[in-house]
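**Q** Structure supplied as final.txt; contents: compact mmCIF, C-alpha atoms and all ligand atoms.
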```txt
# COMPACT_ATOMS: atom_id res chain seq x y z
CA MET A 1 0.00 0.00 0.00
CA ILE A 2 2.90 2.37 0.60
CA GLU A 3 3.44 2.28 -3.18
CA LYS A 4 0.20 4.20 -3.53
CA TYR A 5 1.98 7.31 -2.26
CA GLU A 6 4.18 7.39 -5.33
CA LYS A 7 1.65 9.43 -7.26
CA PHE A 8 2.02 12.24 -4.73
CA ILE A 9 5.73 12.14 -3.96
CA GLY A 10 7.42 10.44 -6.92
CA GLU A 11 9.50 7.28 -7.21
CA HIS A 12 12.72 8.73 -5.86
CA GLU A 13 11.19 9.88 -2.57
CA LEU A 14 9.48 6.54 -2.08
CA ASP A 15 12.71 4.64 -2.71
CA SER A 16 14.55 6.77 -0.21
CA LEU A 17 12.06 5.74 2.49
CA PHE A 18 12.87 2.07 1.94
CA LYS A 19 16.60 2.79 1.91
CA ILE A 20 16.56 4.69 5.19
CA ALA A 21 14.29 2.08 6.80
CA GLU A 22 16.74 -0.62 5.80
CA ARG A 23 19.40 1.03 7.93
CA ILE A 24 17.31 0.91 11.12
CA LYS A 25 15.37 -2.29 10.56
CA ASP A 26 17.03 -4.13 13.44
CA LEU A 27 15.82 -1.64 16.03
CA SER A 28 12.61 -2.06 17.99
CA ILE A 29 10.62 1.17 18.24
CA LEU A 30 7.77 2.04 20.61
CA HIS A 31 5.48 5.06 20.25
CA VAL A 32 3.81 6.14 23.48
CA ASN A 33 1.10 8.79 23.81
CA SER A 34 -1.97 9.47 25.93
CA THR A 35 -4.99 8.77 23.73
CA LYS A 36 -5.97 6.35 21.02
CA ALA A 37 -8.43 8.77 19.45
CA GLY A 38 -9.12 12.50 19.44
CA GLY A 39 -6.64 15.18 18.52
CA GLY A 40 -3.75 15.39 16.12
CA VAL A 41 -1.27 13.03 17.80
CA ALA A 42 -3.60 10.04 17.68
CA GLU A 43 -4.56 11.04 14.16
CA ILE A 44 -0.96 10.80 13.00
CA LEU A 45 -0.05 7.66 14.94
CA ASN A 46 -3.05 5.79 13.56
CA ARG A 47 -1.50 6.18 10.11
CA MET A 48 2.22 6.44 10.89
CA VAL A 49 2.55 3.17 12.78
CA PRO A 50 1.11 0.98 9.96
CA LEU A 51 3.32 2.76 7.43
CA MET A 52 6.43 2.13 9.52
CA LYS A 53 5.42 -1.53 9.67
CA GLU A 54 5.07 -1.61 5.92
CA LEU A 55 8.64 -0.43 5.62
CA GLY A 56 9.60 -3.54 7.56
CA LEU A 57 10.23 -1.80 10.88
CA ASN A 58 9.64 -3.41 14.23
CA VAL A 59 7.30 -0.81 15.68
CA ASP A 60 4.51 -0.75 18.27
CA TRP A 61 2.23 1.85 19.82
CA ARG A 62 1.03 2.00 23.43
CA VAL A 63 -1.25 4.45 25.22
CA ILE A 64 -0.68 5.38 28.85
CA LYS A 65 -3.51 4.91 31.29
CA GLY A 66 -4.73 7.54 33.72
CA ASP A 67 -7.79 8.53 35.70
CA ASN A 68 -9.71 11.82 35.57
CA GLU A 69 -7.46 13.35 38.15
CA PHE A 70 -4.36 12.60 36.06
CA PHE A 71 -5.86 13.95 32.84
CA ASN A 72 -7.03 17.10 34.65
CA VAL A 73 -3.44 17.59 35.77
CA THR A 74 -1.99 16.98 32.31
CA LYS A 75 -4.60 19.26 30.71
CA SER A 76 -3.64 22.04 33.15
CA PHE A 77 0.03 21.39 32.31
CA HIS A 78 -0.86 21.59 28.64
CA ASN A 79 -2.69 24.90 29.09
CA SER A 80 -0.01 26.44 31.26
CA LEU A 81 2.78 25.37 28.90
CA GLN A 82 0.98 26.94 25.95
CA ASN A 83 -0.41 30.03 27.70
CA GLY A 84 2.42 30.98 30.07
CA ILE A 85 0.12 31.16 33.09
CA GLY A 86 -1.12 28.54 35.49
CA ASN A 87 -2.45 27.58 38.84
CA ILE A 88 -0.31 24.61 39.71
CA THR A 89 0.53 23.14 43.12
CA GLU A 90 2.96 20.52 44.36
CA GLU A 91 -0.01 18.15 44.43
CA HIS A 92 -0.24 18.34 40.62
CA PHE A 93 3.38 17.26 40.29
CA ARG A 94 2.81 14.44 42.76
CA ILE A 95 -0.18 13.13 40.79
CA TYR A 96 1.76 13.35 37.54
CA ASP A 97 4.68 11.38 39.00
CA LYS A 98 2.38 8.82 40.60
CA TRP A 99 0.83 8.01 37.22
CA GLN A 100 4.18 7.69 35.51
CA GLU A 101 4.96 4.96 37.99
CA LEU A 102 1.53 3.33 37.69
CA ASN A 103 2.11 3.06 33.96
CA LEU A 104 5.15 0.87 34.40
CA SER A 105 2.82 -2.12 34.29
CA GLU A 106 1.37 -0.89 30.95
CA ILE A 107 4.32 0.40 29.03
CA PRO A 108 7.43 -1.67 28.35
CA LEU A 109 10.48 0.54 28.52
CA ASP A 110 12.97 -1.77 26.90
CA TYR A 111 12.46 -1.02 23.21
CA ASP A 112 15.62 0.19 21.45
CA VAL A 113 13.91 3.47 20.66
CA MET A 114 11.27 4.99 22.93
CA PHE A 115 9.32 7.59 20.96
CA ILE A 116 7.40 9.53 23.62
CA HIS A 117 4.73 11.98 22.49
CA ASP A 118 3.93 15.15 24.43
CA PRO A 119 4.17 15.94 28.16
CA GLN A 120 1.70 13.33 29.47
CA PRO A 121 4.09 10.32 29.34
CA ALA A 122 7.37 12.32 29.29
CA GLY A 123 8.23 11.39 32.89
CA LEU A 124 8.48 7.70 32.07
CA ILE A 125 12.12 8.36 31.29
CA LYS A 126 12.97 8.44 34.96
CA PHE A 127 12.53 4.67 34.94
CA LYS A 128 14.90 4.21 32.03
CA LYS A 129 17.27 1.31 32.42
CA GLY A 130 20.19 0.52 30.19
CA ASN A 131 21.26 2.41 27.13
CA ASN A 132 18.26 2.54 24.85
CA ARG A 133 17.42 5.79 23.05
CA TRP A 134 14.61 8.11 24.04
CA ILE A 135 13.07 10.75 21.76
CA TRP A 136 10.61 13.32 23.07
CA ARG A 137 8.17 14.37 20.34
CA CYS A 138 6.55 17.58 21.49
CA HIS A 139 3.44 18.60 19.56
CA ILE A 140 2.60 21.75 21.51
CA ASP A 141 3.87 25.31 21.72
CA ILE A 142 6.46 25.44 24.51
CA SER A 143 8.00 28.77 23.51
CA ASN A 144 6.47 30.72 26.40
CA PRO A 145 5.65 28.22 29.11
CA TYR A 146 4.54 28.83 32.68
CA PRO A 147 7.95 28.47 34.39
CA PRO A 148 7.04 26.11 37.28
CA VAL A 149 5.56 23.55 34.89
CA TRP A 150 8.33 23.80 32.35
CA ASP A 151 11.01 23.57 35.09
CA PHE A 152 9.36 20.40 36.30
CA LEU A 153 9.09 18.90 32.83
CA LYS A 154 12.54 20.08 31.80
CA LYS A 155 14.15 17.76 34.34
CA TYR A 156 12.72 14.85 32.36
CA VAL A 157 13.15 16.29 28.88
CA SER A 158 16.85 16.94 29.52
CA GLU A 159 17.34 13.20 29.99
CA TYR A 160 16.23 12.44 26.42
CA ASN A 161 18.63 11.79 23.55
CA ALA A 162 16.75 14.25 21.33
CA SER A 163 13.55 16.21 21.14
CA ILE A 164 11.33 17.07 18.20
CA ILE A 165 9.30 20.26 17.90
CA SER A 166 6.83 21.24 15.17
CA VAL A 167 7.79 24.87 14.55
CA PRO A 168 11.21 26.62 14.76
CA SER A 169 9.98 29.19 17.29
CA PHE A 170 9.14 26.39 19.77
CA GLY A 171 12.88 25.69 20.22
CA ARG A 172 14.29 26.05 23.75
CA ASP A 173 17.71 27.35 24.66
CA ASP A 174 17.55 25.93 28.18
CA ILE A 175 17.84 22.25 27.30
CA ASP A 176 21.07 20.76 26.19
CA ILE A 177 19.86 18.04 23.81
CA PRO A 178 19.48 18.08 20.02
CA GLN A 179 16.14 19.61 18.99
CA PHE A 180 14.82 18.69 15.56
CA ILE A 181 12.14 20.69 13.78
CA ILE A 182 9.63 18.34 12.21
CA PRO A 183 6.21 19.71 11.31
CA PRO A 184 3.37 17.19 11.48
CA SER A 185 1.60 15.89 8.42
CA ILE A 186 -1.57 14.46 6.93
CA ASP A 187 -2.21 11.22 5.13
CA PRO A 188 -3.57 11.84 1.63
CA LEU A 189 -4.93 8.28 1.44
CA SER A 190 -6.81 8.20 4.72
CA GLU A 191 -10.58 8.19 4.89
CA LYS A 192 -10.30 11.78 6.09
CA ASN A 193 -8.27 13.08 3.20
CA LYS A 194 -9.01 10.92 0.18
CA HIS A 195 -11.06 12.35 -2.63
CA ILE A 196 -14.79 11.77 -2.15
CA SER A 197 -17.56 11.97 -4.70
CA GLU A 198 -20.03 14.80 -4.95
CA THR A 199 -22.82 12.37 -4.07
CA THR A 200 -21.16 11.23 -0.84
CA LYS A 201 -20.48 14.82 0.13
CA LEU A 202 -24.06 15.92 -0.48
CA ARG A 203 -25.51 12.89 1.26
CA ILE A 204 -23.50 13.61 4.40
CA MET A 205 -24.25 17.33 4.33
CA SER A 206 -27.96 16.71 4.03
CA LYS A 207 -27.79 14.21 6.90
CA PHE A 208 -26.48 17.01 9.12
CA GLY A 209 -28.99 19.56 7.87
CA ILE A 210 -26.48 21.62 5.87
CA SER A 211 -28.14 23.39 2.95
CA GLU A 212 -26.71 23.34 -0.56
CA ASP A 213 -27.93 26.86 -1.17
CA LYS A 214 -25.76 28.89 1.18
CA PRO A 215 -21.99 29.20 1.50
CA LEU A 216 -20.66 27.05 4.32
CA VAL A 217 -17.95 28.13 6.76
CA THR A 218 -16.49 25.31 8.82
CA GLN A 219 -14.12 24.89 11.71
CA ILE A 220 -13.18 21.36 12.75
CA SER A 221 -11.76 21.38 16.28
CA ARG A 222 -11.97 19.94 19.70
CA PHE A 223 -14.02 22.11 22.08
CA ASP A 224 -11.03 23.89 23.53
CA TYR A 225 -10.59 27.62 24.32
CA ALA A 226 -7.28 27.53 22.42
CA LYS A 227 -9.28 26.89 19.23
CA ASP A 228 -11.37 30.02 19.97
CA PRO A 229 -14.81 28.54 19.24
CA LEU A 230 -16.55 31.65 20.56
CA GLY A 231 -14.37 33.80 18.29
CA VAL A 232 -15.43 31.63 15.35
CA ILE A 233 -19.08 32.25 16.14
CA LYS A 234 -18.43 35.96 16.53
CA ALA A 235 -16.62 36.12 13.19
CA TYR A 236 -19.47 34.27 11.50
CA LYS A 237 -22.08 36.60 13.02
CA LEU A 238 -20.13 39.67 11.85
CA ALA A 239 -19.76 38.25 8.35
CA LYS A 240 -23.42 37.30 8.22
CA ARG A 241 -24.39 40.95 8.31
CA HIS A 242 -23.00 41.14 4.77
CA VAL A 243 -23.40 37.65 3.23
CA ASP A 244 -25.91 34.92 3.92
CA LEU A 245 -23.90 32.05 5.40
CA GLN A 246 -24.11 28.92 7.45
CA LEU A 247 -21.54 27.82 10.01
CA ALA A 248 -20.52 24.33 11.08
CA TYR A 249 -18.34 23.87 14.15
CA VAL A 250 -17.53 20.20 14.26
CA GLY A 251 -15.78 18.61 17.21
CA SER A 252 -15.45 15.34 19.01
CA PRO A 253 -14.45 14.29 22.50
CA ALA A 254 -10.87 13.32 23.34
CA THR A 255 -10.29 11.06 26.30
CA ASP A 256 -7.33 13.13 27.46
CA ASP A 257 -9.27 16.44 27.32
CA PRO A 258 -11.66 16.78 30.27
CA GLU A 259 -12.43 20.46 29.55
CA GLY A 260 -14.39 19.72 26.35
CA GLU A 261 -17.87 19.45 27.82
CA LYS A 262 -17.75 22.84 29.54
CA VAL A 263 -16.59 24.57 26.37
CA TYR A 264 -19.20 22.70 24.32
CA ASN A 265 -21.99 23.99 26.58
CA GLU A 266 -20.76 27.57 26.20
CA VAL A 267 -20.64 27.23 22.45
CA ILE A 268 -24.18 25.88 22.36
CA ARG A 269 -25.37 28.85 24.45
CA GLU A 270 -23.72 31.33 22.09
CA SER A 271 -25.25 29.81 18.98
CA ARG A 272 -28.80 29.04 20.06
CA ASP A 273 -30.27 32.13 18.40
CA ASP A 274 -29.25 31.22 14.82
CA LYS A 275 -30.56 28.15 13.02
CA ASP A 276 -27.75 28.42 10.43
CA ILE A 277 -25.18 27.56 13.09
CA HIS A 278 -24.56 23.82 13.37
CA ILE A 279 -22.61 22.74 16.44
CA LEU A 280 -21.82 19.07 16.12
CA MET A 281 -20.21 16.66 18.51
CA LEU A 282 -19.27 13.65 16.39
CA PRO A 283 -18.08 10.31 17.71
CA PRO A 284 -14.36 9.56 17.31
CA TYR A 285 -13.35 8.09 13.95
CA SER A 286 -15.93 10.15 12.01
CA ASP A 287 -13.33 10.59 9.32
CA LEU A 288 -15.61 10.44 6.31
CA GLU A 289 -17.91 13.01 7.86
CA ILE A 290 -14.99 15.35 8.61
CA ASN A 291 -13.78 14.86 5.06
CA ALA A 292 -17.23 15.78 3.75
CA PHE A 293 -17.44 18.93 5.86
CA GLN A 294 -14.01 20.10 4.75
CA SER A 295 -14.72 19.27 1.11
CA ALA A 296 -18.16 20.91 1.09
CA SER A 297 -17.01 24.16 2.70
CA THR A 298 -16.72 27.43 0.90
CA VAL A 299 -14.20 28.62 3.45
CA VAL A 300 -12.48 26.75 6.26
CA MET A 301 -11.50 28.51 9.43
CA GLN A 302 -8.95 27.57 12.07
CA LYS A 303 -9.13 30.59 14.28
CA SER A 304 -6.88 29.26 17.05
CA ILE A 305 -5.41 31.57 19.66
CA LYS A 306 -2.78 28.96 20.54
CA GLU A 307 -1.87 26.03 18.38
CA GLY A 308 0.74 23.32 18.15
CA PHE A 309 0.54 22.74 14.43
CA GLY A 310 -3.12 22.55 13.45
CA LEU A 311 -3.53 19.48 11.27
CA THR A 312 -7.02 20.61 10.32
CA VAL A 313 -5.41 23.41 8.31
CA SER A 314 -3.48 21.06 6.04
CA GLU A 315 -6.48 18.74 5.84
CA ALA A 316 -8.62 21.54 4.44
CA MET A 317 -5.86 22.88 2.19
CA TRP A 318 -5.40 19.43 0.71
CA LYS A 319 -9.05 19.66 -0.33
CA ASN A 320 -8.29 22.87 -2.25
CA LYS A 321 -9.71 25.14 0.43
CA PRO A 322 -8.18 28.48 1.35
CA VAL A 323 -7.97 28.64 5.15
CA ILE A 324 -8.53 31.61 7.43
CA GLY A 325 -6.20 30.80 10.29
CA GLY A 326 -5.11 32.34 13.59
CA ASN A 327 -1.60 33.72 13.36
CA THR A 328 -0.13 31.32 15.89
CA GLY A 329 1.95 28.15 16.27
CA GLY A 330 2.19 26.04 13.13
CA ILE A 331 -0.63 27.80 11.27
CA PRO A 332 1.67 30.36 9.55
CA LEU A 333 3.78 27.49 8.20
CA GLN A 334 0.69 26.34 6.35
CA VAL A 335 -1.26 29.50 5.66
CA ILE A 336 0.91 31.76 3.55
CA ASN A 337 -0.92 35.02 3.89
CA GLY A 338 -2.64 35.97 0.66
CA VAL A 339 -1.37 32.85 -1.13
CA THR A 340 -2.89 29.77 0.52
CA GLY A 341 -5.30 31.63 2.80
CA PHE A 342 -5.30 34.48 5.28
CA LEU A 343 -3.80 34.91 8.74
CA VAL A 344 -5.93 36.74 11.26
CA ASN A 345 -5.67 38.02 14.82
CA SER A 346 -9.30 38.85 15.61
CA PRO A 347 -12.91 37.88 14.86
CA GLN A 348 -13.14 41.08 12.83
CA GLY A 349 -10.21 39.97 10.65
CA ALA A 350 -11.72 36.52 10.23
CA ALA A 351 -15.09 38.08 9.29
CA HIS A 352 -13.44 40.39 6.75
CA TYR A 353 -11.74 37.54 4.88
CA THR A 354 -14.80 35.32 5.15
CA ILE A 355 -16.79 37.97 3.29
CA TYR A 356 -13.99 38.48 0.76
CA LEU A 357 -13.53 34.80 -0.01
CA THR A 358 -17.23 34.02 -0.07
CA ARG A 359 -17.74 36.71 -2.69
CA ASN A 360 -14.73 35.79 -4.88
CA ALA A 361 -14.91 32.34 -6.45
CA LYS A 362 -11.87 32.99 -8.63
CA VAL A 363 -9.66 33.93 -5.68
CA ARG A 364 -10.90 30.86 -3.81
CA HIS A 365 -9.97 28.69 -6.74
CA THR A 366 -6.44 30.11 -7.12
CA MET A 367 -5.71 30.04 -3.41
CA GLY A 368 -7.17 26.55 -3.09
CA THR A 369 -4.87 25.28 -5.84
CA ASN A 370 -1.87 26.91 -4.13
CA ALA A 371 -2.97 25.43 -0.83
CA ARG A 372 -3.06 21.85 -2.08
CA GLU A 373 0.35 22.17 -3.72
CA HIS A 374 1.87 23.64 -0.55
CA VAL A 375 0.60 20.64 1.41
CA ARG A 376 1.81 18.18 -1.23
CA ARG A 377 5.32 19.57 -1.00
CA ASN A 378 5.56 19.99 2.75
CA PHE A 379 2.94 18.32 4.89
CA LEU A 380 2.28 14.79 3.63
CA ILE A 381 2.88 11.88 5.98
CA THR A 382 5.70 10.45 3.86
CA ARG A 383 7.80 13.56 4.61
CA GLU A 384 7.21 13.27 8.36
CA LEU A 385 7.93 9.55 8.18
CA ARG A 386 11.28 10.22 6.52
CA ASP A 387 12.12 12.83 9.18
CA TYR A 388 11.26 10.35 11.95
CA LEU A 389 13.44 7.65 10.40
CA MET A 390 16.32 10.10 10.12
CA THR A 391 15.93 11.09 13.78
CA ILE A 392 15.92 7.44 14.85
CA MET A 393 19.04 6.89 12.78
CA TYR A 394 20.68 9.96 14.32
CA VAL A 395 20.13 8.97 17.95
CA ASN A 396 21.52 5.53 17.25
CA GLU A 397 24.73 6.71 15.64
N1 LIG B 401 -10.73 15.85 14.49
C1 LIG B 401 -11.66 14.87 14.24
N2 LIG B 401 -12.93 15.06 14.67
C2 LIG B 401 -13.31 16.19 15.29
C3 LIG B 401 -12.35 17.20 15.56
C4 LIG B 401 -11.06 16.99 15.14
O1 LIG B 401 -11.36 13.83 13.65
O2 LIG B 401 -14.48 16.29 15.62
C5 LIG B 401 -9.38 15.64 14.00
C6 LIG B 401 -8.97 16.66 12.96
O3 LIG B 401 -9.48 16.30 11.69
C7 LIG B 401 -7.46 16.59 13.06
C8 LIG B 401 -7.24 16.33 14.54
O4 LIG B 401 -8.44 15.77 15.04
O5 LIG B 401 -6.96 15.52 12.31
C9 LIG B 401 -6.94 17.60 15.30
O6 LIG B 401 -5.61 17.92 15.12
P1 LIG B 401 -5.08 19.41 15.27
O7 LIG B 401 -3.61 19.37 15.07
O8 LIG B 401 -5.84 20.31 14.34
O9 LIG B 401 -5.47 19.85 16.74
P2 LIG B 401 -5.31 19.16 18.20
O10 LIG B 401 -6.65 18.60 18.52
O11 LIG B 401 -4.22 18.14 18.12
O12 LIG B 401 -4.99 20.31 19.10
```
How would this structure read if it were set down as structure tokens?

**A**
Amino acid sequence: MIEKYEKFIGEHELDSLFKIAERIKDLSILHVNSTKAGGGVAEILNRMVPLMKELGLNVDWRVIKGDNEFFNVTKSFHNSLQNGIGNITEEHFRIYDKWQELNLSEIPLDYDVMFIHDPQPAGLIKFKKGNNRWIWRCHIDISNPYPPVWDFLKKYVSEYNASIISVPSFGRDDIDIPQFIIPPSIDPLSEKNKHISETTKLRIMSKFGISEDKPLVTQISRFDYAKDPLGVIKAYKLAKRHVDLQLAYVGSPATDDPEGEKVYNEVIRESRDDKDIHILMLPPYSDLEINAFQSASTVVMQKSIKEGFGLTVSEAMWKNKPVIGGNTGGIPLQVINGVTGFLVNSPQGAAHYTIYLTRNAKVRHTMGTNAREHVRRNFLITRELRDYLMTIMYVNE
């Protein structure tokens, strides 16, 4: 099946994947993260792990366990690392450490390469035995962290053989390990990103009550303040004064995000007065539905205030959609202002470009074409796979 990527990346690139894999084929590799479904990390691992296997690598994937208390702690770590503020006590650190230890019965630590994703399982390294290699793959913005949380995490991160960040500005000058910049990626062959027929698209849109007769603005995101769902609704309401629109905000629960329900309820309250606003909570693995929403949209928004990378941006761009994105994290790597979409800093800015794009089919077409090509060159899973293989090779040299 990996051969099917040749049409996107060419023969040479595909060959190079096999050649690099050959050099590390004797190593056992374990990916560890904190959720099987929901959010970008699980999204990538669900596709990356089978591809690594296809290249003949000895690779597995495990998910750490935790209770509500643990995931509340890790969510507050996540927020305070990305926002620079926090309300953290010694008790939080104790709970975090306790769960690292409890996970020793779940997660084998003796693979040749331990590929640990994000802060939740980062502390497992304190139980490292022997000389295997540990890579910390950080998917979030750690450029301006809340110091007490970063100082705590840094003790663990410093023990790793290398770390990986998504965006150059996330680099840290206070850890003395190699830091590789590897932006995430999307899989062009997944259910979420493959081409779907007009009939499938329309069938799914009608199932969710989306009309064919009005332009559709969509944001696909977890219900998380960092994704600015209330700002999305505000932008839509401002734009609607000028063009008749409908809005879909499509999210799903993630087991490692306990804040979702509260945000969801706020979003529902804000949108009750407009029947053209569709707030949807889809079950995990609704990939075809997400695909249909992205494909059927006139404009896709990703109005994040804080973002690691924002896979949803590349997903939409791959479907020839210009994206209106918050000027934060990995979004500016994807949205080249005025070329593949527009970068915004406010609901007013988002509304302005929503009106502009909705009214200009030709601009949408040109930007959409640019957007897909930008993703093809930079953000397909085969590129991230190659970067991962190179990192594994590096730490073993
Ligand atoms: N996603 C999904 N269903 C939803 C909301 C999001 O499948 O209802 C997917 C989305 O398509 C993307 C991932 O979850 O692949 C979110 O990744 P992103 O990097 O945009 O944000 P994160 O949630 O990791 O902060």

**Q** Once 6 Å is added on each side, what are the centre and the three edge lengths, in Å to one decimal, of the axis-aligned box enclosing the listed atoms of ligand LIG 401 (chain B)? Present them as lines of an AutoDock Vina configuration file.

**A**
```
center_x = -9.0
center_y = 17.1
center_z = 15.4
size_x = 22.9
size_y = 18.5
size_z = 19.4
```

**Q** Would you mind reading off the distance between CA of Val63 (chain A) and CA of Leu282 (chain A), one decimal, in Å?

**A**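 Straight-line distance from CA of Val63 (chain A) to CA of Leu282 (chain A) works out to 22.1 Å.
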
**Q** Hey, which residues come within 10 Å of ligand LIG 401 (chain B) if we count only C-alpha atoms and all ligand atoms? Could you give them as number ranges by chain?

**A** A: 37-44, 139-140, 184-187, 192-193, 219-224, 226-227, 249-254, 257, 280-291, 294, 302, 304, 306-316, 330-331

**Q** Pick from A:Glu91, A:Asp110, A:Asp176, A:Asp213: nearest to Leu27 (chain A), with all atoms listed in the file counted?

**A**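 The closest residue to Leu27 (chain A) is A:Asp110.
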
**Q** Rank A:Asn370, A:Asn131, A:Thr354, A:Ser80 by their smallest atom-to-atom distance to Ala239 (chain A), using all atoms listed in the file, and report the top residue only.

**A** A:Thr354
